[in-house]
Each structure stands twice: as structure tokens, then as C-alpha cells.
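Trainee: So that we are looking at the same thing, I have put the structure below in C-alpha cells.
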Amino acid sequence: MKAATSGTSSSGLGSTSQSQFTPEEVAKAKTALRMALLKNFQAIVHPARASNVKKAMDVLVKSQALGPNDASLQYFQKEFPNMVKTHDASTQDLSKVHAKLSELEKVDMEITRFSTEWNQLKEDIIVNRANNIATSEEIQELKDKLAQAEGCLEDLQKESKILAKQHEDLKAGSKSQKLKLNLLIEEVPDLCRRWETLEAQLTSLSTAWRT
């Protein structure tokens, strides 16, 4: 949209004999509108600038200062309110879209984090299962060794009972032999005397035989 270069018309919309605005105010308002047309739309819809633009348009409308040669200004004056509304609505929608995109980005980050944690969890589960299998095998091996040890212990207990009986038998037999030994010891003096007597008798008989 290019700014119009025409001046104030003396006929049609531009004709008014009872305008509440001075020619200088009208000219200033037109200049303000033309300058607005030269600016970026984002700049003129700024609340402070938009207010000045609306004041300028209000001057031109009330003074009926826009003539046929001010077509671009007439179009701008007519469409500006709708353009501002559209801009404001679009800005609000854009803000909502940005908020949604920001929320989506956060959700995506959360999903990525959950995915990473899930993959780590799966690895931990695999390691845990492997450790469970290894531990179960160790437990089974220990159970087998325990069963073998219990079998050995049972054999040793049986052997211990046999040895205990043998010990008791030997103890009883030793006691009997000890009693016999004591009796024989008591007979030793008597046996010695008899030995000497018999030796003497044999000697006597041998001497008598020789004579």
C-alpha cells in the first residue's frame, strides 16, 4: 500500500465549511497517516502508535477531509480497525500456538527422558535377570554341596557310633584283663616261692642221682 500524495480536496468528502479542526490539524493528520503507511505494519499496531493513528483518522473522518484523490488513505482509514483486530486476534492465536509448541517441546523432552529411562530400565532388568540366574545356579550348587556334606556327616555319625561301641567293648575287655592281671600279680610271690622250692627239689634229686 503506497501513501497518497494528493492534498486536501475542495469538493466531495473534502468539502466542509464548519469543520471543528483547523487546516493545519487536518494536514498534520494526513501526514501522520501517510507516514504510517510507510512504516512496517507491526510498528503501527503498537498500542501507542495505533492510538496516534486512530486520532489522525478521527480528525480526517470528522472533518471529511479525505477526497477522491486520497483513495489509499480512505482504504487505510476504512480497513485499519479491522486490520488491528485481525492482528490482535492473530497475535493472541500465535501466542497460544507458541504456548502449545512450548508445551509440546516439554512433552517431547519428557518422552525422550522417559524413553532413556525405559531403555536403562530394560538394561537393568536384563542384568538383574542374569544375576538372578547366576545366583540361582550358585544356590543350587551350594545345595548340592550341602546335601553331599549332610551325607558325609551321616556316614561320620554312623562311624562314630561304631567307634564308640568298639571303645566301650575295648574298655570292658581292658577292665576284665586288668582284673586278671591283678590276680596274677597277687599270685607272683607264691609262684616265686614255689619256683624256688621246685628248683631246690630238682637240684636235690639231681645230686642224689649222681651219688
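Each chain in the C-alpha cells gets a letter, A, B, ..., in the order shown, and its residues are numbered from 1; ligands are numbered from 1 in order too.
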Using DSSP on the backbone coordinates, identify the residues of chain A assigned to alpha helix (DSSP H); present them as a PyMOL selection string.
Mentor: chain A and resi 23-38+41-44+47-63+71-210
Trainee: Work out how far CA of Thr197 (chain A) is from CA of Arg210 (chain A), in Å to one decimal.
Mentor: 20.1 Å
Trainee: For a test of reading the model, state the distance in Å between CA of Thr135 (chain A) and CA of Gln148 (chain A), rounded to one decimal.
Mentor: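 One can read the CA of Thr135 (chain A) to CA of Gln148 (chain A) distance as 19.7 Å.
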Trainee: Just give me the gap between CA of Lys100 (chain A) and CA of Gln42 (chain A) in Å, one decimal is fine.
Mentor: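 Computing it gives 23.0 Å between the two atoms.
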Trainee: Using only C-alpha atoms, can you tell me which of A:Thr203, A:Gln20, A:Asn82, A:Ser174 comes closest to Leu60 (chain A)?
Mentor: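 Closest residue, counting only C-alpha atoms: A:Gln20.
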